[in-house]
>>> print(open('work-v9.txt').read())   # compact mmCIF, C-alpha atoms
# COMPACT_ATOMS: atom_id res chain seq x y z
CA ARG A 19 1.99 -18.47 2.36
CA LEU A 20 -1.17 -18.74 0.26
CA GLU A 21 -3.12 -20.08 3.21
CA ALA A 22 -1.89 -17.23 5.42
CA LEU A 23 -2.88 -14.68 2.77
CA ARG A 24 -6.29 -16.32 2.40
CA LEU A 25 -6.85 -15.92 6.14
CA GLY A 26 -5.81 -12.27 5.96
CA ASP A 27 -2.52 -12.78 7.84
CA PRO A 28 0.53 -10.75 6.74
CA VAL A 29 3.44 -12.58 5.12
CA ASP A 30 7.00 -11.37 4.85
CA ASP A 31 8.93 -11.23 1.61
CA THR A 32 10.72 -14.52 1.10
CA GLU A 33 13.11 -16.26 -1.28
CA LEU A 34 12.87 -19.57 -3.05
CA THR A 35 14.70 -21.46 -5.78
CA LEU A 36 13.09 -22.13 -9.14
CA VAL A 37 14.41 -24.67 -11.65
CA THR A 38 14.21 -23.72 -15.32
CA HIS A 39 13.30 -26.08 -18.15
CA GLY A 40 17.03 -26.43 -18.83
CA GLY A 41 17.83 -27.33 -15.23
CA GLN A 42 19.26 -23.94 -14.18
CA ARG A 43 18.53 -22.98 -10.57
CA LEU A 44 17.33 -19.41 -10.06
CA HIS A 45 17.03 -17.60 -6.73
CA MET A 46 13.86 -15.52 -6.63
CA ASP A 47 12.66 -12.88 -4.17
CA ILE A 48 8.88 -13.04 -3.71
CA THR A 49 6.49 -10.30 -2.62
CA SER A 50 2.79 -11.17 -2.24
CA LEU A 51 -0.26 -9.03 -1.49
CA VAL A 52 -3.98 -9.75 -1.28
CA ILE A 53 -5.86 -7.30 -3.52
CA ASP A 54 -9.45 -6.64 -4.45
CA TYR A 55 -9.52 -7.20 -8.24
CA GLU A 56 -12.84 -6.16 -9.77
CA GLY A 57 -14.74 -7.38 -6.72
CA THR A 58 -12.82 -10.65 -6.37
CA THR A 59 -10.12 -11.38 -3.80
CA ALA A 60 -6.85 -12.24 -5.56
CA VAL A 61 -3.19 -12.72 -4.68
CA LEU A 62 -0.78 -10.47 -6.58
CA THR A 63 2.75 -11.90 -6.57
CA VAL A 64 5.92 -10.20 -7.81
CA LEU A 65 9.03 -12.32 -8.40
CA ARG A 66 12.49 -10.81 -8.82
CA ASP A 67 15.52 -12.76 -10.02
CA VAL A 68 18.34 -12.31 -7.47
CA THR A 69 20.51 -15.20 -8.68
CA GLU A 70 23.42 -12.96 -9.64
CA LYS A 71 23.26 -11.15 -6.34
CA ARG A 72 23.32 -14.40 -4.33
CA GLU A 73 26.25 -15.73 -6.35
CA MET A 74 28.12 -12.50 -5.80
CA GLU A 75 27.53 -12.65 -2.06
CA GLU A 76 28.90 -16.19 -1.93
CA ALA A 77 31.96 -15.18 -3.87
CA LEU A 78 32.52 -12.25 -1.51
CA ARG A 79 32.57 -14.54 1.48
CA GLN A 80 35.11 -16.87 -0.11
CA SER A 81 37.90 -14.43 -0.82
CA GLU A 82 38.64 -10.75 -0.45
CA THR A 83 40.75 -10.95 -3.59
CA GLN A 84 37.84 -12.38 -5.53
CA TYR A 85 35.66 -9.80 -3.84
CA ARG A 86 37.66 -6.91 -5.25
CA LEU A 87 37.76 -8.42 -8.75
CA ILE A 88 34.02 -8.92 -8.77
CA THR A 89 33.07 -5.58 -7.32
CA GLU A 90 35.13 -3.73 -9.90
CA ASN A 91 32.78 -5.12 -12.56
CA MET A 92 29.31 -5.30 -11.04
CA SER A 93 26.41 -2.85 -10.98
CA ASP A 94 25.50 -3.50 -7.32
CA LEU A 95 27.13 -1.27 -4.72
CA VAL A 96 29.68 -3.09 -2.56
CA CYS A 97 31.22 -1.62 0.58
CA MET A 98 33.56 -2.69 3.34
CA LEU A 99 32.74 -0.87 6.57
CA GLU A 100 34.63 -0.53 9.83
CA PRO A 101 32.66 -1.60 12.95
CA ASP A 102 31.69 2.05 13.56
CA GLY A 103 30.36 2.45 9.99
CA THR A 104 33.40 4.18 8.46
CA VAL A 105 33.81 3.25 4.78
CA ARG A 106 37.04 1.35 4.09
CA TYR A 107 36.20 0.42 0.51
CA ALA A 108 33.46 1.45 -1.96
CA SER A 109 33.00 -0.16 -5.37
CA PRO A 110 33.22 1.88 -8.62
CA SER A 111 29.46 1.41 -9.17
CA HIS A 112 28.79 4.13 -6.57
CA LEU A 113 29.63 6.77 -9.15
CA HIS A 114 27.02 5.46 -11.62
CA VAL A 115 24.24 4.87 -9.05
CA LEU A 116 24.76 7.66 -6.50
CA GLY A 117 26.96 10.19 -8.33
CA TYR A 118 29.83 10.05 -5.81
CA THR A 119 33.25 8.63 -6.63
CA PRO A 120 34.37 5.68 -4.48
CA SER A 121 37.24 7.69 -3.05
CA PHE A 122 34.76 10.32 -1.81
CA TYR A 123 33.23 7.76 0.58
CA GLU A 124 36.46 6.29 1.95
CA GLY A 125 37.21 7.49 5.46
CA LYS A 126 33.67 8.89 5.94
CA ASN A 127 30.91 7.30 7.98
CA THR A 128 28.21 5.69 5.86
CA LEU A 129 25.52 6.93 8.29
CA ASP A 130 26.31 10.50 7.22
CA PHE A 131 24.76 9.76 3.81
CA ILE A 132 21.56 8.14 5.08
CA HIS A 133 18.28 10.04 5.41
CA PRO A 134 17.90 11.43 8.97
CA ARG A 135 14.70 9.44 9.50
CA ASP A 136 16.46 6.18 8.64
CA VAL A 137 19.69 6.67 10.63
CA ALA A 138 18.44 5.39 14.01
CA SER A 139 17.04 2.12 12.63
CA THR A 140 20.17 1.54 10.54
CA ARG A 141 22.49 2.12 13.49
CA GLN A 142 20.41 -0.20 15.64
CA THR A 143 20.55 -2.93 12.99
CA LEU A 144 24.34 -2.70 12.73
CA GLN A 145 24.53 -3.46 16.44
CA THR A 146 22.47 -6.64 16.14
CA ILE A 147 24.23 -8.33 13.19
CA THR A 148 26.09 -11.56 13.87
CA ALA A 149 28.17 -13.75 11.58
CA ALA A 150 25.37 -16.32 11.47
CA SER A 151 22.59 -13.86 10.69
CA PRO A 152 23.21 -11.37 7.88
CA LEU A 153 20.43 -8.82 7.61
CA THR A 154 18.72 -6.82 4.90
CA LEU A 155 17.99 -3.12 5.28
CA GLU A 156 16.06 -0.58 3.26
CA PHE A 157 16.83 3.12 3.62
CA ARG A 158 17.12 6.39 1.70
CA HIS A 159 20.61 7.46 0.65
CA ALA A 160 21.76 10.86 -0.56
CA HIS A 161 22.48 11.27 -4.28
CA ASP A 162 25.05 13.74 -5.51
CA ASP A 163 22.30 15.76 -7.24
CA GLY A 164 20.38 16.29 -3.98
CA ARG A 165 17.79 13.52 -4.32
CA TRP A 166 17.15 10.71 -1.86
CA ILE A 167 17.50 7.24 -3.41
CA TRP A 168 15.92 4.13 -1.90
CA LEU A 169 18.50 1.35 -1.44
CA GLU A 170 18.31 -2.24 -0.27
CA THR A 171 21.43 -3.48 1.52
CA LYS A 172 22.45 -6.98 2.54
CA ILE A 173 24.89 -6.69 5.49
CA GLN A 174 27.28 -9.46 6.51
CA ALA A 175 29.42 -9.17 9.67
CA ILE A 176 32.95 -10.61 9.31
CA TYR A 177 34.60 -11.93 12.48
CA SER A 178 38.12 -13.16 13.25
CA ASP A 179 38.78 -16.69 14.48
CA ALA A 180 38.89 -15.22 17.98
CA GLY A 181 35.37 -13.83 17.57
CA THR A 182 36.36 -10.19 17.13
CA LEU A 183 34.29 -8.11 14.69
CA LEU A 184 36.61 -7.11 11.85
CA HIS A 185 34.32 -5.28 9.46
CA TYR A 186 31.01 -5.41 7.60
CA LEU A 187 30.49 -6.36 3.97
CA THR A 188 27.48 -4.79 2.25
CA VAL A 189 25.93 -5.52 -1.14
CA THR A 190 23.44 -2.84 -2.11
CA ARG A 191 21.12 -2.12 -4.99
CA GLU A 192 18.89 0.79 -5.92
CA ILE A 193 15.18 -0.07 -5.48
CA MET A 194 13.38 3.11 -6.55
CA GLN A 195 11.32 1.24 -9.16
CA ARG A 196 10.38 -1.43 -6.65
CA LYS A 197 9.24 1.23 -4.18
CA VAL A 198 6.99 2.69 -6.87
CA VAL A 199 5.56 -0.78 -7.56
CA GLU A 200 5.03 -1.44 -3.85
CA LYS A 201 3.18 1.85 -3.52
CA GLN A 202 0.99 0.88 -6.46
CA LEU A 203 0.37 -2.55 -4.92
CA ARG A 204 -0.67 -1.01 -1.63
CA HIS A 205 -3.04 1.26 -3.50
CA LEU A 206 -4.52 -1.70 -5.41
CA ALA A 207 -4.97 -3.64 -2.19
CA TYR A 208 -7.14 -0.94 -0.63
CA HIS A 209 -8.85 0.76 -3.57
CA ASP A 210 -11.56 -0.16 -6.03
CA THR A 211 -10.17 -0.67 -9.54
CA LEU A 212 -13.19 0.87 -11.30
CA THR A 213 -13.76 4.07 -9.30
CA ASP A 214 -10.40 4.38 -7.47
CA LEU A 215 -12.36 4.90 -4.25
CA PRO A 216 -11.36 3.01 -1.09
CA ASN A 217 -12.69 -0.54 -1.18
CA ARG A 218 -14.45 -2.71 1.41
CA ARG A 219 -11.19 -3.84 3.05
CA TYR A 220 -10.01 -0.26 3.56
CA PHE A 221 -13.36 0.97 4.85
CA LEU A 222 -13.79 -1.84 7.37
CA ALA A 223 -10.30 -1.26 8.75
CA TYR A 224 -10.93 2.49 8.94
CA LEU A 225 -14.32 1.97 10.61
CA ASP A 226 -12.85 -0.40 13.22
CA GLU A 227 -10.14 2.13 14.02
CA SER A 228 -12.66 4.97 14.25
CA LEU A 229 -14.94 3.00 16.56
CA SER A 230 -12.04 2.08 18.83
CA ARG A 231 -11.44 5.81 19.43
CA ILE A 232 -15.07 6.94 19.50
CA GLU A 233 -15.01 7.82 23.22
CA GLU A 234 -11.96 10.04 22.70
CA GLU A 235 -13.53 11.96 19.82
CA ALA A 236 -15.53 15.14 20.25
CA GLU A 237 -17.70 14.34 17.21
CA ALA A 238 -20.39 11.74 16.64
CA LEU A 239 -20.09 9.17 13.84
CA ALA A 240 -22.56 7.83 11.28
CA ILE A 241 -22.44 5.76 8.14
CA LEU A 242 -24.63 6.10 5.06
CA SER A 243 -25.26 3.07 2.88
CA LEU A 244 -26.52 3.97 -0.59
CA ASP A 245 -27.15 2.53 -4.02
CA LEU A 246 -28.83 3.51 -7.27
CA ASP A 247 -32.45 2.52 -7.69
CA ARG A 248 -32.87 -0.06 -10.47
CA PHE A 249 -29.21 0.01 -11.49
CA LYS A 250 -29.59 -3.47 -12.99
CA LEU A 251 -32.07 -2.06 -15.50
CA ILE A 252 -29.42 0.37 -16.78
CA ASN A 253 -26.90 -2.43 -17.20
CA ASP A 254 -29.42 -4.63 -18.99
CA THR A 255 -30.71 -1.95 -21.39
CA LEU A 256 -27.67 0.25 -22.06
CA GLY A 257 -24.86 -2.23 -21.47
CA HIS A 258 -22.19 -2.80 -18.83
CA ASP A 259 -19.84 -0.20 -20.32
CA ILE A 260 -22.45 2.50 -19.69
CA GLY A 261 -23.08 1.05 -16.23
CA ASP A 262 -19.37 1.16 -15.38
CA GLU A 263 -19.06 4.76 -16.57
CA LEU A 264 -22.14 5.67 -14.53
CA LEU A 265 -20.47 4.27 -11.41
CA ARG A 266 -17.30 6.24 -12.14
CA GLN A 267 -19.28 9.46 -12.54
CA LEU A 268 -21.30 8.66 -9.44
CA ALA A 269 -18.06 8.29 -7.46
CA ASN A 270 -16.94 11.71 -8.73
CA ARG A 271 -20.23 13.33 -7.69
CA LEU A 272 -19.98 11.85 -4.21
CA THR A 273 -16.40 13.07 -3.90
CA HIS A 274 -17.38 16.60 -4.88
CA VAL A 275 -20.55 16.87 -2.80
CA LEU A 276 -19.06 15.48 0.42
CA ARG A 277 -16.29 16.92 2.58
CA LYS A 278 -12.66 15.86 2.28
CA GLN A 279 -12.76 14.34 5.76
CA ASP A 280 -15.74 12.13 4.86
CA VAL A 281 -14.68 8.62 3.81
CA ILE A 282 -16.38 7.20 0.71
CA ALA A 283 -15.96 3.57 -0.33
CA ARG A 284 -17.37 1.27 -2.97
CA PHE A 285 -18.50 -2.05 -1.51
CA GLY A 286 -19.29 -3.63 -4.88
CA GLY A 287 -21.78 -3.25 -7.72
CA ASP A 288 -23.66 0.02 -7.19
CA GLU A 289 -23.30 -0.19 -3.40
CA PHE A 290 -21.42 2.71 -1.81
CA ILE A 291 -20.89 3.60 1.82
CA VAL A 292 -19.92 6.87 3.49
CA LEU A 293 -18.58 7.59 6.97
CA ILE A 294 -19.18 11.07 8.38
CA ARG A 295 -18.37 12.83 11.65
CA TYR A 296 -20.65 15.56 12.96
CA ASN A 297 -21.72 17.68 15.95
CA ASP A 298 -25.21 18.75 14.84
CA PRO A 299 -27.74 15.88 15.26
CA ILE A 300 -29.47 16.76 11.99
CA ALA A 301 -26.20 16.66 10.02
CA PRO A 302 -26.73 13.07 8.73
CA HIS A 303 -30.13 14.14 7.37
CA ARG A 304 -28.60 17.15 5.57
CA VAL A 305 -25.85 14.99 4.10
CA ALA A 306 -28.36 12.43 2.83
CA GLU A 307 -30.50 15.14 1.24
CA LYS A 308 -27.44 16.68 -0.40
CA VAL A 309 -26.37 13.31 -1.83
CA LEU A 310 -29.88 12.51 -3.10
CA ALA A 311 -30.06 15.88 -4.86
CA ALA A 312 -26.65 15.40 -6.47
CA LEU A 313 -27.52 11.94 -7.78
CA GLU A 314 -30.83 13.16 -9.25
CA GLN A 315 -29.03 15.43 -11.70
CA PRO A 316 -29.11 14.09 -15.31
CA TRP A 317 -26.29 11.83 -16.47
CA GLN A 318 -24.71 12.31 -19.90
CA ILE A 319 -22.80 9.19 -20.96
CA GLU A 320 -21.82 8.87 -24.63
CA THR A 321 -25.07 9.47 -26.57
CA HIS A 322 -27.30 8.61 -23.61
CA GLU A 323 -28.87 11.12 -21.27
CA PHE A 324 -30.93 9.79 -18.39
CA VAL A 325 -31.93 10.44 -14.78
CA THR A 326 -31.59 8.11 -11.81
CA THR A 327 -32.71 8.10 -8.21
CA SER A 328 -31.01 6.60 -5.20
CA SER A 329 -31.82 5.30 -1.75
CA ILE A 330 -29.85 5.82 1.46
CA GLY A 331 -29.80 4.09 4.81
CA ILE A 332 -28.29 5.91 7.80
CA ALA A 333 -26.93 4.34 10.98
CA CYS A 334 -25.61 6.54 13.79
CA CYS A 335 -23.08 5.19 16.27
CA ASP A 336 -24.32 5.16 19.85
CA GLY A 337 -20.87 4.60 21.33
CA ALA A 338 -21.25 0.89 22.01
CA THR A 339 -21.79 -0.37 18.49
CA THR A 340 -19.45 -2.73 16.64
CA SER A 341 -18.63 -2.16 12.99
CA LYS A 342 -20.62 -5.26 12.03
CA GLN A 343 -23.69 -4.02 13.91
CA LEU A 344 -23.37 -0.53 12.44
CA LEU A 345 -23.19 -1.86 8.87
CA LYS A 346 -26.16 -4.14 9.53
CA ARG A 347 -28.19 -1.20 10.81
CA ALA A 348 -27.31 0.87 7.74
CA ASP A 349 -28.41 -2.02 5.50
CA LEU A 350 -31.71 -2.31 7.36
CA ALA A 351 -32.27 1.42 7.01
CA LEU A 352 -31.49 1.20 3.29
CA TYR A 353 -34.04 -1.59 2.95
CA GLU A 354 -36.56 0.61 4.75
CA ALA A 355 -35.87 3.50 2.37
CA LYS A 356 -36.50 1.25 -0.62
CA SER A 357 -39.67 -0.13 0.98
CA ASN A 358 -40.92 3.44 1.32
CA GLY A 359 -40.82 3.94 -2.44
CA ARG A 360 -37.11 4.56 -3.15
CA ASN A 361 -35.62 7.99 -3.94
CA GLY A 362 -35.25 8.81 -0.26
CA TYR A 363 -33.46 7.98 2.95
CA ALA A 364 -34.24 6.32 6.25
CA VAL A 365 -32.49 6.44 9.62
CA TYR A 366 -32.12 3.25 11.65
CA GLU A 367 -34.08 3.28 14.88
CA ASP A 368 -33.78 0.57 17.52
CA ARG A 369 -37.40 -0.56 17.51
>>> encode(input="work-v9.txt", output="structure tokens")
Amino acid sequence: RLEALRLGDPVDDTELTLVTHGGQRLHMDITSLVIDYEGTTAVLTVLRDVTEKREMEEALRQSETQYRLITENMSDLVCMLEPDGTVRYASPSHLHVLGYTPSFYEGKNTLDFIHPRDVASTRQTLQTITAASPLTLEFRHAHDDGRWIWLETKIQAIYSDAGTLLHYLTVTREIMQRKVVEKQLRHLAYHDTLTDLPNRRYFLAYLDESLSRIEEEAEALAILSLDLDRFKLINDTLGHDIGDELLRQLANRLTHVLRKQDVIARFGGDEFIVLIRYNDPIAPHRVAEKVLAALEQPWQIETHEFVTTSSIGIACCDGATTSKQLLKRADLALYEAKSNGRNGYAVYEDR
């Protein structure tokens, strides 16, 4: 899994068994994401103890009598469903988690309580379950107070000796907190932790997607590579805390001076990059001038007031350019702008 993550390949959530110091075996669900942590690639892993849930599922398979005794006293939601999804039994925990009494569900179809956008996938999954392959689903379920609650359900199909589907057993838990964490993890994976702007990974993916559709778009595309002139001097003389705050304020200025549809990302250090779409050929020049003017305004950070300048390199897409080539051209243009005395911009020309 670590090797796959290192190579940038996706990995599915998985489960493994951990042994405690005392010899106890714990079943753990594992979720892993590659994130950009302060400029360094890292793996963020979340482990969740599902030992009780796995033990409950095993007990449910062993005996329906045991099943009823257990479900009367557990916080997870347990249901027995007819092959068409009609609820035959719902555990008392439904009242606490979803606000409905168990008797309210009985005789009704469970699909009637699922969010309309999740019904089709849930129905399709029910049709593919076999005794040998229980499945896990995530969907939104109606709460008695009108909210939609995210649930995770483990579904087991129960067959007779003759191979006839008798019913489904489901063990379900509310995962609203996990959904919040997953959303935060996705944000961390694609955003810079200092400025909260999109990071390099996000920008490169967005640029690749934009270039793949460039012939379908009515607008031209350009990227602007920019940094602060002599940013290292600020860090060395005023300290890294001032430097970090300067970068945060710089990100805010860029956000305010550019349009909402323009994509701004921090590549690292004081290096920022912007993707713009335009119809007027001089638009990249106007954008660069606007950014330069905004970044020339005085900065007030703690007791320090100072002025900075910046340099910008512009690369326009000619329709047959790869993302790597476009970024290289923007870097060359930025180098040209600095060679010309800084505090200005240069446009890449194929010469």
>>> residues_around(input="work-v9.txt", residues="Val105 of chain A", least_positions_apart="3", cutoff="8 Å", atoms="all atoms listed in the file", output="mmCIF file with C-alpha atoms, in the frame of the given file")
data_model
loop_
_atom_site.group_PDB
_atom_site.id
_atom_site.type_symbol
_atom_site.label_atom_id
_atom_site.label_comp_id
_atom_site.auth_asym_id
_atom_site.auth_seq_id
_atom_site.Cartn_x
_atom_site.Cartn_y
_atom_site.Cartn_z
ATOM 1 C CA CYS A 97 31.220 -1.620 0.580
ATOM 2 C CA MET A 98 33.560 -2.690 3.340
ATOM 3 C CA LEU A 99 32.740 -0.870 6.570
ATOM 4 C CA GLU A 100 34.630 -0.530 9.830
ATOM 5 C CA ALA A 108 33.460 1.450 -1.960
ATOM 6 C CA TYR A 123 33.230 7.760 0.580
ATOM 7 C CA GLU A 124 36.460 6.290 1.950
ATOM 8 C CA GLY A 125 37.210 7.490 5.460
ATOM 9 C CA LYS A 126 33.670 8.890 5.940
ATOM 10 C CA ASN A 127 30.910 7.300 7.980
ATOM 11 C CA THR A 128 28.210 5.690 5.860
#
>>> residues_around(input="work-v9.txt", residues="Leu276 of chain A", least_positions_apart="6", cutoff="12 Å", atoms="only C-alpha atoms", output="PyMOL selection string")
chain A and resi 242+269-270+282+292-295+302+304-310+312
>>> atom_distance(input="work-v9.txt", atom1="atom CA of His185 of chain A", atom2="atom CA of Thr119 of chain A")
21.3 Å
>>> atom_distance(input="work-v9.txt", atom1="atom CA of Asp280 of chain A", atom2="atom CA of Ala364 of chain A")
19.4 Å
>>> residues_around(input="work-v9.txt", residues="segment 30-39 of chain A", least_positions_apart="2", cutoff="10 Å", atoms="all atoms listed in the file", output="PDB file with C-alpha atoms, in the coordinates of the input")
ATOM      1  CA  ARG A  19       1.990 -18.470   2.360  1.00  0.00           C
ATOM      2  CA  PRO A  28       0.530 -10.750   6.740  1.00  0.00           C
ATOM      3  CA  GLY A  41      17.830 -27.330 -15.230  1.00  0.00           C
ATOM      4  CA  GLN A  42      19.260 -23.940 -14.180  1.00  0.00           C
ATOM      5  CA  ARG A  43      18.530 -22.980 -10.570  1.00  0.00           C
ATOM      6  CA  LEU A  44      17.330 -19.410 -10.060  1.00  0.00           C
ATOM      7  CA  HIS A  45      17.030 -17.600  -6.730  1.00  0.00           C
ATOM      8  CA  MET A  46      13.860 -15.520  -6.630  1.00  0.00           C
ATOM      9  CA  ASP A  47      12.660 -12.880  -4.170  1.00  0.00           C
ATOM     10  CA  ILE A  48       8.880 -13.040  -3.710  1.00  0.00           C
ATOM     11  CA  THR A  49       6.490 -10.300  -2.620  1.00  0.00           C
ATOM     12  CA  SER A  50       2.790 -11.170  -2.240  1.00  0.00           C
ATOM     13  CA  LEU A  51      -0.260  -9.030  -1.490  1.00  0.00           C
ATOM     14  CA  VAL A  64       5.920 -10.200  -7.810  1.00  0.00           C
ATOM     15  CA  LEU A  65       9.030 -12.320  -8.400  1.00  0.00           C
ATOM     16  CA  ARG A  66      12.490 -10.810  -8.820  1.00  0.00           C
ATOM     17  CA  ASP A  67      15.520 -12.760 -10.020  1.00  0.00           C
ATOM     18  CA  VAL A  68      18.340 -12.310  -7.470  1.00  0.00           C
ATOM     19  CA  THR A  69      20.510 -15.200  -8.680  1.00  0.00           C
TER      20      THR A  69
END
>>> residues_around(input="work-v9.txt", residues="segment 343-348 of chain A", least_positions_apart="5", cutoff="8 Å", atoms="only C-alpha atoms", output="PDB file with C-alpha atoms, in the frame of the given file")
ATOM      1  CA  ILE A 241     -22.440   5.760   8.140  1.00  0.00           C
ATOM      2  CA  LEU A 242     -24.630   6.100   5.060  1.00  0.00           C
ATOM      3  CA  SER A 243     -25.260   3.070   2.880  1.00  0.00           C
ATOM      4  CA  GLY A 331     -29.800   4.090   4.810  1.00  0.00           C
ATOM      5  CA  ILE A 332     -28.290   5.910   7.800  1.00  0.00           C
ATOM      6  CA  ALA A 333     -26.930   4.340  10.980  1.00  0.00           C
ATOM      7  CA  CYS A 334     -25.610   6.540  13.790  1.00  0.00           C
ATOM      8  CA  CYS A 335     -23.080   5.190  16.270  1.00  0.00           C
ATOM      9  CA  VAL A 365     -32.490   6.440   9.620  1.00  0.00           C
ATOM     10  CA  TYR A 366     -32.120   3.250  11.650  1.00  0.00           C
TER      11      TYR A 366
END
>>> residues_near_point(input="work-v9.txt", point="(0.0, -1.7, -6.6)", cutoff="12 Å", atoms="only C-alpha atoms", output="list in words")
Thr49, Ser50, Leu51, Val52, Ile53, Asp54, Tyr55, Val61, Leu62, Thr63, Val64, Gln195, Arg196, Lys197, Val198, Val199, Glu200, Lys201, Gln202, Leu203, Arg204, His205, Leu206, Ala207, Tyr208, His209, Asp210 and Thr211 of chain A
>>> residues_around(input="work-v9.txt", residues="segment 170-182 of chain A", least_positions_apart="2", cutoff="8 Å", atoms="only C-alpha atoms", output="list in words")
Ile147, Thr148, Ala149, Ser151, Pro152, Leu153, Thr154, Leu155, Glu156, Phe157, Trp168, Leu184, His185, Tyr186, Leu187, Thr188, Val189, Thr190, Arg191, Glu192 and Ile193 of chain A
>>> closest_residue(input="work-v9.txt", among="A:His274, A:Ile232, A:Asp247, A:Glu323", to="Gly359 of chain A", atoms="all atoms listed in the file")
A:Asp247
>>> atom_distance(input="work-v9.txt", atom1="atom CA of Val281 of chain A", atom2="atom CA of Asp27 of chain A")
24.9 Å
>>> closest_residue(input="work-v9.txt", among="A:Ala301, A:Leu129, A:Val96, A:Leu239", to="Leu113 of chain A", atoms="only C-alpha atoms")
A:Val96
>>> closest_residue(input="work-v9.txt", among="A:Leu264, A:Met74, A:Val275, A:Leu244", to="Ala351 of chain A", atoms="all atoms listed in the file")
A:Leu244
>>> closest_residue(input="work-v9.txt", among="A:Gly103, A:Gly117, A:Pro316, A:Gly362", to="Thr143 of chain A", atoms="all atoms listed in the file")
A:Gly103
>>> residues_near_point(input="work-v9.txt", point="(-17.2, -3.4, -2.9)", cutoff="7 Å", atoms="all atoms listed in the file", output="list in words")
Gly57, Asn217, Arg218, Arg284, Phe285, Gly286, Gly287 and Glu289 of chain A
>>> closest_residue(input="work-v9.txt", among="A:Ile167, A:Leu350, A:Lys250, A:Asp130", to="Thr104 of chain A", atoms="all atoms listed in the file")
A:Asp130
